[in-house]
>>> print(open('target-v1.pdb').read())   # PDB, C-alpha atoms
ATOM      1  CA  MET V   1      -5.956   5.466 -35.574
ATOM      2  CA  ALA V   2      -2.620   5.542 -37.386
ATOM      3  CA  ASP V   3      -0.757   5.603 -34.083
ATOM      4  CA  GLN V   4      -2.748   2.612 -32.873
ATOM      5  CA  ASN V   5      -1.964   0.637 -36.050
ATOM      6  CA  MET V   6       1.719   1.539 -35.708
ATOM      7  CA  ALA V   7       1.736   0.328 -32.101
ATOM      8  CA  VAL V   8       0.104  -2.968 -33.118
ATOM      9  CA  GLU V   9       2.657  -3.420 -35.900
ATOM     10  CA  GLU V  10       5.554  -2.743 -33.534
ATOM     11  CA  GLU V  11       4.138  -5.305 -31.115
ATOM     12  CA  ARG V  12       3.969  -7.890 -33.912
ATOM     13  CA  LEU V  13       7.572  -7.204 -34.920
ATOM     14  CA  GLU V  14       8.622  -7.565 -31.276
ATOM     15  CA  ASP V  15       6.815 -10.912 -31.101
ATOM     16  CA  VAL V  16       8.710 -12.063 -34.195
ATOM     17  CA  ARG V  17      12.053 -10.999 -32.685
ATOM     18  CA  VAL V  18      11.237 -12.816 -29.459
ATOM     19  CA  ALA V  19      10.229 -15.960 -31.367
ATOM     20  CA  ASP V  20      13.596 -15.969 -33.171
ATOM     21  CA  ALA V  21      15.621 -15.202 -30.036
ATOM     22  CA  SER V  22      17.753 -17.664 -28.102
ATOM     23  CA  ALA V  23      16.396 -19.617 -25.143
ATOM     24  CA  LEU V  24      18.491 -17.526 -22.739
ATOM     25  CA  TYR V  25      17.113 -14.260 -24.106
ATOM     26  CA  LYS V  26      13.547 -15.595 -23.931
ATOM     27  CA  PHE V  27      14.154 -16.529 -20.295
ATOM     28  CA  TYR V  28      15.424 -12.995 -19.630
ATOM     29  CA  LEU V  29      12.374 -11.413 -21.277
ATOM     30  CA  ASN V  30       9.994 -13.609 -19.295
ATOM     31  CA  GLN V  31      11.775 -12.874 -16.002
ATOM     32  CA  GLU V  32      12.980  -9.325 -16.736
ATOM     33  CA  LYS V  33      11.109  -7.711 -13.849
ATOM     34  CA  PHE V  34      12.442 -10.239 -11.333
ATOM     35  CA  ILE V  35      16.010 -10.178 -12.694
ATOM     36  CA  LEU V  36      16.361  -6.383 -12.785
ATOM     37  CA  GLY V  37      14.705  -5.999  -9.383
ATOM     38  CA  THR V  38      16.965  -8.648  -7.830
ATOM     39  CA  LEU V  39      20.110  -7.134  -9.343
ATOM     40  CA  SER V  40      19.279  -3.639  -8.124
ATOM     41  CA  VAL V  41      18.593  -4.886  -4.580
ATOM     42  CA  ALA V  42      21.766  -7.027  -4.585
ATOM     43  CA  LEU V  43      23.948  -4.113  -5.720
ATOM     44  CA  PHE V  44      22.390  -1.845  -3.099
ATOM     45  CA  LEU V  45      23.003  -4.386  -0.318
ATOM     46  CA  LEU V  46      26.596  -4.929  -1.484
ATOM     47  CA  ALA V  47      27.326  -1.206  -1.448
ATOM     48  CA  TRP V  48      25.664  -0.882   1.956
ATOM     49  CA  GLU V  49      27.731  -3.773   3.361
ATOM     50  CA  LEU V  50      30.975  -2.248   2.082
ATOM     51  CA  VAL V  51      30.183   1.177   3.501
ATOM     52  CA  GLY V  52      28.689   0.033   6.797
ATOM     53  CA  ASN V  53      30.759  -3.017   7.744
ATOM     54  CA  VAL V  54      33.810  -3.688   5.589
ATOM     55  CA  PHE V  55      35.256  -0.187   5.376
ATOM     56  CA  GLN V  56      33.138   1.319   8.203
ATOM     57  CA  VAL V  57      32.932   4.699   6.508
ATOM     58  CA  ILE V  58      30.240   5.647   9.044
ATOM     59  CA  ASN V  59      30.381   5.015  12.787
ATOM     60  CA  PRO V  60      28.549   1.681  13.496
ATOM     61  CA  MET V  61      26.613   3.442  16.268
ATOM     62  CA  PHE V  62      24.829   5.485  13.588
ATOM     63  CA  MET V  63      24.814   3.078  10.631
ATOM     64  CA  SER V  64      24.494  -0.704  10.488
ATOM     65  CA  ALA V  65      25.091  -3.148   7.623
ATOM     66  CA  PRO V  66      23.071  -6.022   6.078
ATOM     67  CA  SER V  67      25.165  -8.729   7.743
ATOM     68  CA  LEU V  68      24.824  -7.078  11.170
ATOM     69  CA  ILE V  69      21.082  -6.565  10.695
ATOM     70  CA  TRP V  70      20.696 -10.212   9.685
ATOM     71  CA  LYS V  71      22.617 -11.285  12.788
ATOM     72  CA  ALA V  72      20.362  -9.131  14.994
ATOM     73  CA  ALA V  73      17.236 -10.518  13.285
ATOM     74  CA  VAL V  74      18.378 -14.118  13.812
ATOM     75  CA  GLN V  75      19.009 -13.352  17.481
ATOM     76  CA  LEU V  76      15.607 -11.684  17.944
ATOM     77  CA  PHE V  77      13.646 -14.438  16.220
ATOM     78  CA  GLY V  78      15.761 -17.233  17.691
ATOM     79  CA  SER V  79      15.287 -16.040  21.259
ATOM     80  CA  GLY V  80      11.567 -15.438  20.702
ATOM     81  CA  GLU V  81      11.947 -11.867  21.924
ATOM     82  CA  ILE V  82      10.254 -10.370  18.878
ATOM     83  CA  TRP V  83       7.254 -12.682  18.491
ATOM     84  CA  ASN V  84       5.058 -10.868  20.993
ATOM     85  CA  ASP V  85       5.865  -7.524  19.358
ATOM     86  CA  LEU V  86       4.983  -8.954  15.936
ATOM     87  CA  SER V  87       1.723 -10.358  17.258
ATOM     88  CA  VAL V  88       0.668  -7.082  18.875
ATOM     89  CA  SER V  89       1.518  -4.950  15.837
ATOM     90  CA  GLY V  90      -0.082  -7.459  13.464
ATOM     91  CA  ILE V  91      -3.365  -7.506  15.380
ATOM     92  CA  GLU V  92      -3.417  -3.704  15.593
ATOM     93  CA  PHE V  93      -2.713  -3.315  11.882
ATOM     94  CA  GLY V  94      -5.200  -5.995  10.828
ATOM     95  CA  LEU V  95      -8.096  -4.684  12.906
ATOM     96  CA  GLY V  96      -7.462  -1.013  12.106
ATOM     97  CA  TYR V  97      -7.138  -1.725   8.380
ATOM     98  CA  LEU V  98     -10.209  -3.977   8.356
ATOM     99  CA  PHE V  99     -12.374  -1.385  10.121
ATOM    100  CA  SER V 100     -11.180   1.286   7.677
ATOM    101  CA  ILE V 101     -12.366  -0.882   4.758
ATOM    102  CA  ILE V 102     -15.708  -1.635   6.398
ATOM    103  CA  VAL V 103     -16.357   2.071   6.989
ATOM    104  CA  GLY V 104     -14.429   3.762   4.187
ATOM    105  CA  VAL V 105     -15.682   1.939   1.092
ATOM    106  CA  PRO V 106     -19.454   2.180   1.761
ATOM    107  CA  PHE V 107     -19.117   5.743   3.046
ATOM    108  CA  GLY V 108     -17.091   6.782   0.003
ATOM    109  CA  ILE V 109     -19.663   5.253  -2.342
ATOM    110  CA  ALA V 110     -22.466   7.034  -0.498
ATOM    111  CA  ILE V 111     -20.926  10.503  -0.666
ATOM    112  CA  GLY V 112     -19.992   9.929  -4.296
ATOM    113  CA  TRP V 113     -23.504   8.805  -5.274
ATOM    114  CA  TYR V 114     -25.760  11.073  -3.212
ATOM    115  CA  LYS V 115     -25.177  14.742  -3.975
ATOM    116  CA  ARG V 116     -26.761  16.256  -0.860
ATOM    117  CA  PHE V 117     -25.010  13.745   1.383
ATOM    118  CA  ALA V 118     -21.726  14.822  -0.247
ATOM    119  CA  TYR V 119     -22.523  18.484   0.419
ATOM    120  CA  ILE V 120     -22.944  17.638   4.112
ATOM    121  CA  CYS V 121     -19.931  15.345   4.520
ATOM    122  CA  ASP V 122     -17.274  16.693   2.148
ATOM    123  CA  PRO V 123     -16.122  19.560   4.426
ATOM    124  CA  PHE V 124     -15.523  17.121   7.286
ATOM    125  CA  VAL V 125     -13.814  14.529   5.087
ATOM    126  CA  ASN V 126     -11.473  17.077   3.515
ATOM    127  CA  ALA V 127     -10.696  18.695   6.876
ATOM    128  CA  MET V 128      -9.925  15.385   8.582
ATOM    129  CA  ASN V 129      -7.835  14.202   5.642
ATOM    130  CA  ALA V 130      -5.703  17.359   5.918
ATOM    131  CA  THR V 131      -5.305  17.061   9.699
ATOM    132  CA  PRO V 132      -2.091  15.276  10.816
ATOM    133  CA  ARG V 133      -3.051  12.111  12.697
ATOM    134  CA  VAL V 134      -0.265  12.744  15.201
ATOM    135  CA  ALA V 135      -2.112  15.873  16.338
ATOM    136  CA  LEU V 136      -5.099  13.693  17.260
ATOM    137  CA  LEU V 137      -3.085  11.108  19.175
ATOM    138  CA  PRO V 138      -3.306  12.825  22.609
ATOM    139  CA  LEU V 139      -7.092  13.001  22.252
ATOM    140  CA  ILE V 140      -7.304   9.382  21.145
ATOM    141  CA  ILE V 141      -5.259   8.286  24.145
ATOM    142  CA  ILE V 142      -7.507  10.330  26.467
ATOM    143  CA  TRP V 143     -10.626   8.800  24.917
ATOM    144  CA  LEU V 144      -9.439   5.211  24.371
ATOM    145  CA  GLY V 145      -6.603   4.794  26.871
ATOM    146  CA  ILE V 146      -3.067   3.537  26.222
ATOM    147  CA  GLY V 147      -4.082  -0.029  25.364
ATOM    148  CA  MET V 148      -4.531  -1.641  21.964
ATOM    149  CA  LEU V 149      -7.787   0.205  21.288
ATOM    150  CA  SER V 150      -6.023   3.572  20.918
ATOM    151  CA  LYS V 151      -3.550   2.074  18.396
ATOM    152  CA  ILE V 152      -6.411   0.606  16.375
ATOM    153  CA  GLY V 153      -8.080   4.028  16.467
ATOM    154  CA  ILE V 154      -5.051   5.898  15.079
ATOM    155  CA  ILE V 155      -4.519   3.205  12.412
ATOM    156  CA  PHE V 156      -8.175   3.447  11.429
ATOM    157  CA  LEU V 157      -8.005   7.239  11.134
ATOM    158  CA  GLY V 158      -4.873   6.996   9.015
ATOM    159  CA  ALA V 159      -6.245   4.421   6.592
ATOM    160  CA  VAL V 160      -9.911   5.332   6.263
ATOM    161  CA  PHE V 161      -9.616   8.716   4.523
ATOM    162  CA  PRO V 162      -7.581   7.565   1.490
ATOM    163  CA  LEU V 163     -10.259   4.908   1.026
ATOM    164  CA  ILE V 164     -13.137   7.366   1.366
ATOM    165  CA  ILE V 165     -11.620   9.916  -1.014
ATOM    166  CA  ASN V 166     -10.565   7.426  -3.682
ATOM    167  CA  THR V 167     -13.909   5.641  -3.586
ATOM    168  CA  ARG V 168     -15.816   8.933  -3.719
ATOM    169  CA  ASP V 169     -13.788  10.152  -6.701
ATOM    170  CA  GLY V 170     -14.205   6.782  -8.411
ATOM    171  CA  VAL V 171     -17.978   7.108  -8.251
ATOM    172  CA  LYS V 172     -17.843  10.701  -9.506
ATOM    173  CA  THR V 173     -15.625   9.829 -12.488
ATOM    174  CA  THR V 174     -17.838   7.051 -13.854
ATOM    175  CA  PRO V 175     -17.839   7.576 -17.677
ATOM    176  CA  VAL V 176     -20.873   9.549 -18.832
ATOM    177  CA  SER V 177     -21.126   7.372 -21.955
ATOM    178  CA  LEU V 178     -21.730   4.282 -19.823
ATOM    179  CA  LEU V 179     -24.390   6.048 -17.762
ATOM    180  CA  SER V 180     -26.120   7.336 -20.904
ATOM    181  CA  ALA V 181     -26.063   3.895 -22.506
ATOM    182  CA  ALA V 182     -27.548   2.271 -19.397
ATOM    183  CA  ARG V 183     -30.305   4.891 -19.165
ATOM    184  CA  SER V 184     -31.112   4.564 -22.868
ATOM    185  CA  PHE V 185     -31.868   0.889 -22.290
ATOM    186  CA  GLY V 186     -34.246   1.806 -19.458
ATOM    187  CA  ALA V 187     -32.058   0.745 -16.556
ATOM    188  CA  SER V 188     -33.215   1.828 -13.118
ATOM    189  CA  GLU V 189     -30.991   3.849 -10.783
ATOM    190  CA  TRP V 190     -30.247   0.719  -8.743
ATOM    191  CA  GLN V 191     -29.294  -1.231 -11.875
ATOM    192  CA  ILE V 192     -27.054   1.624 -13.023
ATOM    193  CA  PHE V 193     -25.432   1.790  -9.600
ATOM    194  CA  LYS V 194     -24.904  -1.979  -9.357
ATOM    195  CA  SER V 195     -23.895  -2.703 -12.961
ATOM    196  CA  VAL V 196     -22.066   0.479 -14.023
ATOM    197  CA  VAL V 197     -20.990   2.639 -11.091
ATOM    198  CA  VAL V 198     -19.656  -0.027  -8.729
ATOM    199  CA  PRO V 199     -17.560  -1.891 -11.380
ATOM    200  CA  SER V 200     -16.053   1.373 -12.660
ATOM    201  CA  THR V 201     -15.190   2.350  -9.066
ATOM    202  CA  VAL V 202     -13.311  -0.874  -8.244
ATOM    203  CA  PRO V 203      -9.912   0.340  -9.597
ATOM    204  CA  PHE V 204     -10.206   3.474  -7.439
ATOM    205  CA  ILE V 205     -11.092   1.369  -4.399
ATOM    206  CA  LEU V 206      -8.033  -0.813  -4.974
ATOM    207  CA  THR V 207      -5.846   2.287  -5.279
ATOM    208  CA  GLY V 208      -7.309   3.497  -1.992
ATOM    209  CA  LEU V 209      -6.536   0.128  -0.404
ATOM    210  CA  ARG V 210      -2.944   0.399  -1.590
ATOM    211  CA  LEU V 211      -2.542   3.912  -0.186
ATOM    212  CA  ALA V 212      -4.261   2.896   3.053
ATOM    213  CA  ILE V 213      -1.620   0.230   3.684
ATOM    214  CA  GLY V 214       1.110   2.861   4.004
ATOM    215  CA  ARG V 215      -1.057   5.108   6.162
ATOM    216  CA  ALA V 216      -1.979   2.178   8.416
ATOM    217  CA  LEU V 217       1.664   1.179   8.905
ATOM    218  CA  ILE V 218       2.494   4.787   9.791
ATOM    219  CA  GLY V 219      -0.354   4.602  12.305
ATOM    220  CA  VAL V 220       1.157   1.470  13.864
ATOM    221  CA  MET V 221       4.505   3.203  14.280
ATOM    222  CA  VAL V 222       3.071   6.476  15.573
ATOM    223  CA  GLY V 223       0.697   4.774  18.010
ATOM    224  CA  GLU V 224       3.400   2.536  19.466
ATOM    225  CA  LEU V 225       5.874   5.378  19.580
ATOM    226  CA  TYR V 226       3.824   7.439  22.034
ATOM    227  CA  ALA V 227       1.891   4.990  24.177
ATOM    228  CA  ALA V 228       2.757   1.300  24.092
ATOM    229  CA  THR V 229       4.441  -1.457  26.056
ATOM    230  CA  ALA V 230       4.792  -3.867  23.121
ATOM    231  CA  GLY V 231       4.889  -3.866  19.340
ATOM    232  CA  ILE V 232       7.437  -3.341  16.580
ATOM    233  CA  GLY V 233       7.172   0.440  16.920
ATOM    234  CA  PHE V 234       7.828   0.136  20.659
ATOM    235  CA  MET V 235      10.820  -2.119  19.934
ATOM    236  CA  ILE V 236      12.228   0.464  17.509
ATOM    237  CA  THR V 237      11.745   3.235  20.086
ATOM    238  CA  VAL V 238      13.561   1.328  22.832
ATOM    239  CA  ALA V 239      16.353   0.199  20.475
ATOM    240  CA  GLY V 240      16.865   3.743  19.208
ATOM    241  CA  ALA V 241      17.016   5.155  22.735
ATOM    242  CA  THR V 242      19.726   2.625  23.632
ATOM    243  CA  PHE V 243      21.688   3.027  20.350
ATOM    244  CA  GLN V 244      20.965  -0.521  19.193
ATOM    245  CA  THR V 245      21.057   0.443  15.519
ATOM    246  CA  ASP V 246      20.855  -3.143  14.252
ATOM    247  CA  LYS V 247      17.553  -3.738  16.074
ATOM    248  CA  VAL V 248      16.180  -0.445  14.769
ATOM    249  CA  PHE V 249      16.864  -1.555  11.203
ATOM    250  CA  VAL V 250      15.246  -4.943  11.880
ATOM    251  CA  GLY V 251      12.054  -3.167  12.929
ATOM    252  CA  VAL V 252      12.178  -0.785   9.968
ATOM    253  CA  LEU V 253      12.659  -3.690   7.548
ATOM    254  CA  ILE V 254       9.715  -5.524   9.106
ATOM    255  CA  PHE V 255       7.526  -2.504   8.371
ATOM    256  CA  ALA V 256       8.920  -2.229   4.841
ATOM    257  CA  LEU V 257       8.480  -5.939   4.043
ATOM    258  CA  SER V 258       4.969  -5.950   5.523
ATOM    259  CA  GLY V 259       4.011  -3.032   3.301
ATOM    260  CA  MET V 260       5.550  -4.677   0.225
ATOM    261  CA  ILE V 261       3.751  -7.976   0.838
ATOM    262  CA  ALA V 262       0.401  -6.322   1.515
ATOM    263  CA  THR V 263       0.769  -4.088  -1.558
ATOM    264  CA  ASP V 264       1.671  -7.095  -3.714
ATOM    265  CA  VAL V 265      -1.509  -8.838  -2.548
ATOM    266  CA  ILE V 266      -3.558  -5.788  -3.593
ATOM    267  CA  ASP V 267      -1.725  -5.702  -6.946
ATOM    268  CA  ARG V 268      -2.573  -9.353  -7.587
ATOM    269  CA  ILE V 269      -6.216  -8.671  -6.766
ATOM    270  CA  GLU V 270      -6.181  -5.639  -9.056
ATOM    271  CA  LYS V 271      -4.916  -7.700 -11.999
ATOM    272  CA  ARG V 272      -8.151  -9.678 -11.881
ATOM    273  CA  PHE V 273     -10.099  -6.477 -12.586
ATOM    274  CA  ASP V 274      -7.924  -4.610 -15.099
ATOM    275  CA  LYS V 275      -7.666  -7.028 -18.026
ATOM    276  CA  TRP V 276      -9.671  -4.551 -20.098
ATOM    277  CA  ARG V 277      -7.180  -1.734 -19.544
ATOM    278  CA  PRO V 278      -4.653  -0.857 -22.279
ATOM    279  CA  LYS V 279      -1.049  -1.448 -21.231
ATOM    280  CA  VAL V 280       0.725   1.911 -21.196
ATOM    281  CA  GLY V 281       3.869   3.344 -19.630
ATOM    282  CA  ALA V 282       5.670   1.001 -17.226
ATOM    283  CA  ASP V 283       2.941  -1.644 -17.645
ATOM    284  CA  ALA V 284       3.380  -1.874 -21.416
TER     285      ALA V 284
END
>>> encode(input="target-v1.pdb", output="C-alpha cells")
Amino acid sequence: MADQNMAVEEERLEDVRVADASALYKFYLNQEKFILGTLSVALFLLAWELVGNVFQVINPMFMSAPSLIWKAAVQLFGSGEIWNDLSVSGIEFGLGYLFSIIVGVPFGIAIGWYKRFAYICDPFVNAMNATPRVALLPLIIIWLGIGMLSKIGIIFLGAVFPLIINTRDGVKTTPVSLLSAARSFGASEWQIFKSVVVPSTVPFILTGLRLAIGRALIGVMVGELYAATAGIGFMITVAGATFQTDKVFVGVLIFALSGMIATDVIDRIEKRFDKWRPKVGADA
C-alpha cells in the first residue's frame, strides 16, 4: 500500500513538473516515443549509408545501402514489375491469416474450456507446434500442389498454433476470484463463459494474433521459396540467386514493414481492451 501511495505521489510531482515546463519540453514529452524512434532509425540509416555506399567498407555485391535500396524500389514500383508479386503474397498472407483466426480462436477456447477435449487434443497441438513447418512443406506441396493453395496451407499452419495455444492458456488463467464471484451470484456456466472467461481471454487472443503475424510472414517466405512462380519471396529468391542485393533488401523491407503495420493495427485494437490494466515497465 505504501509503495502504491509513493508511486501516486511521484506521478503527481511529475505532473507538476510537466505543467511548469517549457512548451518545447512539453512537446518532447508528448512525442517522446516518435522522436526517439525516429532518431534511432535515422542514425542507423546514416551509419548504414556510410558503410555500404560512401566508404564501401563491404563489397556492394554482398551489402547494399539505403540510397541504393530506395533506387531499386523506385525502379521496381515505377516499372510495375513488383505489383503482381505484392498482390500474390498479399492474398496468400490474408487468406492464410484469416483462416488461422477462424480456426484457432474457437478451437483454443474449446480446449481451454472443456477438460476432456483438452486431454484429447493437447498432445496433437503441442506436437504440431514443435514441428518445423518447413518439414511439412513437401507433404503440403504433394497434397495441395504448387499453386496458391499450398502457400495458404503453410501460412495457416504457421499462424494457427500460436493462436490456439495463447487462447487456450488465456481461458485456463481466468482469475479464480472472478469465477467464484460469478458463481456466488448464481451465474450459469454459459453466463460465466460469456461474461467472465471470454473477456479475460481477449488479451491472450490479441497476443496470439501478434505472434501469428510473424509466423504467417515466415510462411509466405518459406512457401514462395520452395514452390512459386510469383510473390515477394519468389522475387527475393531470384534476386539472391542473381546477386541483385538491392532487390533482395527491397523484398526484406516489404516483409518487415508489412509486419510492423499489421502489428501496429493489433496494438491499436489491444488498447481498446486494456484501459483497466496498470501501466508498468515500458508502458508506464
>>> residues_around(input="target-v1.pdb", residues="segment 212-228 of chain V", least_positions_apart="5", cutoff="6 Å", atoms="all atoms listed in the file", output="mmCIF file with C-alpha atoms, keeping the file's coordinate frame")
data_model
loop_
_atom_site.group_PDB
_atom_site.id
_atom_site.type_symbol
_atom_site.label_atom_id
_atom_site.label_comp_id
_atom_site.auth_asym_id
_atom_site.auth_seq_id
_atom_site.Cartn_x
_atom_site.Cartn_y
_atom_site.Cartn_z
ATOM 1 C CA ILE V 146 -3.067 3.537 26.222
ATOM 2 C CA LYS V 151 -3.550 2.074 18.396
ATOM 3 C CA ILE V 154 -5.051 5.898 15.079
ATOM 4 C CA ILE V 155 -4.519 3.205 12.412
ATOM 5 C CA GLY V 158 -4.873 6.996 9.015
ATOM 6 C CA ALA V 159 -6.245 4.421 6.592
ATOM 7 C CA PRO V 162 -7.581 7.565 1.490
ATOM 8 C CA GLY V 233 7.172 0.440 16.920
ATOM 9 C CA PHE V 234 7.828 0.136 20.659
#
>>> atom_distance(input="target-v1.pdb", atom1="atom CA of Ala42 of chain V", atom2="atom CA of Gly80 of chain V")
28.5 Å
>>> atom_distance(input="target-v1.pdb", atom1="atom CA of Ser89 of chain V", atom2="atom CA of Lys71 of chain V")
22.2 Å
>>> residues_around(input="target-v1.pdb", residues="Thr167 of chain V", least_positions_apart="3", cutoff="6 Å", atoms="all atoms listed in the file", output="ChimeraX atom specification")
/V:108-109,163-164,170,204-205
>>> resolve_selection(input="target-v1.pdb", expression="the PyMOL selection byres ((chain V and resi 240) around 12)", output="list in words")
Met61, Phe62, Met63, Leu225, Gly233, Phe234, Met235, Ile236, Thr237, Val238, Ala239, Ala241, Thr242, Phe243, Gln244, Thr245, Asp246, Lys247, Val248, Phe249, Val250, Gly251 and Val252 of chain V
>>> closest_residue(input="target-v1.pdb", among="V:Thr263, V:Ser180, V:Thr38, V:Ser195", to="Leu209 of chain V", atoms="all atoms listed in the file")
V:Thr263
>>> resolve_selection(input="target-v1.pdb", expression="the PyMOL selection byres ((chain V and resi 48) around 12)", output="ChimeraX atom specification")
/V:41-47,49-58,63-69
>>> atom_distance(input="target-v1.pdb", atom1="atom CA of Trp113 of chain V", atom2="atom CA of Phe193 of chain V")
8.5 Å
>>> residues_around(input="target-v1.pdb", residues="Leu95 of chain V", least_positions_apart="2", cutoff="10 Å", atoms="all atoms listed in the file", output="PyMOL selection string")
chain V and resi 90-93+97-101+149+151-153+155-156
>>> write_last_selection(input="target-v1.pdb", atoms="C-alpha atoms", output="compact mmCIF listing (two decimals), in the coordinates of the input")
# COMPACT_ATOMS: atom_id res chain seq x y z
CA GLY V 90 -0.08 -7.46 13.46
CA ILE V 91 -3.36 -7.51 15.38
CA GLU V 92 -3.42 -3.70 15.59
CA PHE V 93 -2.71 -3.32 11.88
CA TYR V 97 -7.14 -1.72 8.38
CA LEU V 98 -10.21 -3.98 8.36
CA PHE V 99 -12.37 -1.38 10.12
CA SER V 100 -11.18 1.29 7.68
CA ILE V 101 -12.37 -0.88 4.76
CA LEU V 149 -7.79 0.20 21.29
CA LYS V 151 -3.55 2.07 18.40
CA ILE V 152 -6.41 0.61 16.38
CA GLY V 153 -8.08 4.03 16.47
CA ILE V 155 -4.52 3.20 12.41
CA PHE V 156 -8.18 3.45 11.43
>>> closest_residue(input="target-v1.pdb", among="V:Ala135, V:Val160, V:Val103, V:Ala230", to="Ile82 of chain V", atoms="all atoms listed in the file")
V:Ala230
>>> closest_residue(input="target-v1.pdb", among="V:Pro138, V:Ile266, V:Ala182, V:Met148", to="Thr229 of chain V", atoms="only C-alpha atoms")
V:Met148
>>> closest_residue(input="target-v1.pdb", among="V:Ser177, V:Asn126, V:Asn166, V:Gln31", to="Leu211 of chain V", atoms="only C-alpha atoms")
V:Asn166
>>> closest_residue(input="target-v1.pdb", among="V:Ile232, V:Asp169, V:Thr207, V:Ser40", to="Leu253 of chain V", atoms="only C-alpha atoms")
V:Ile232
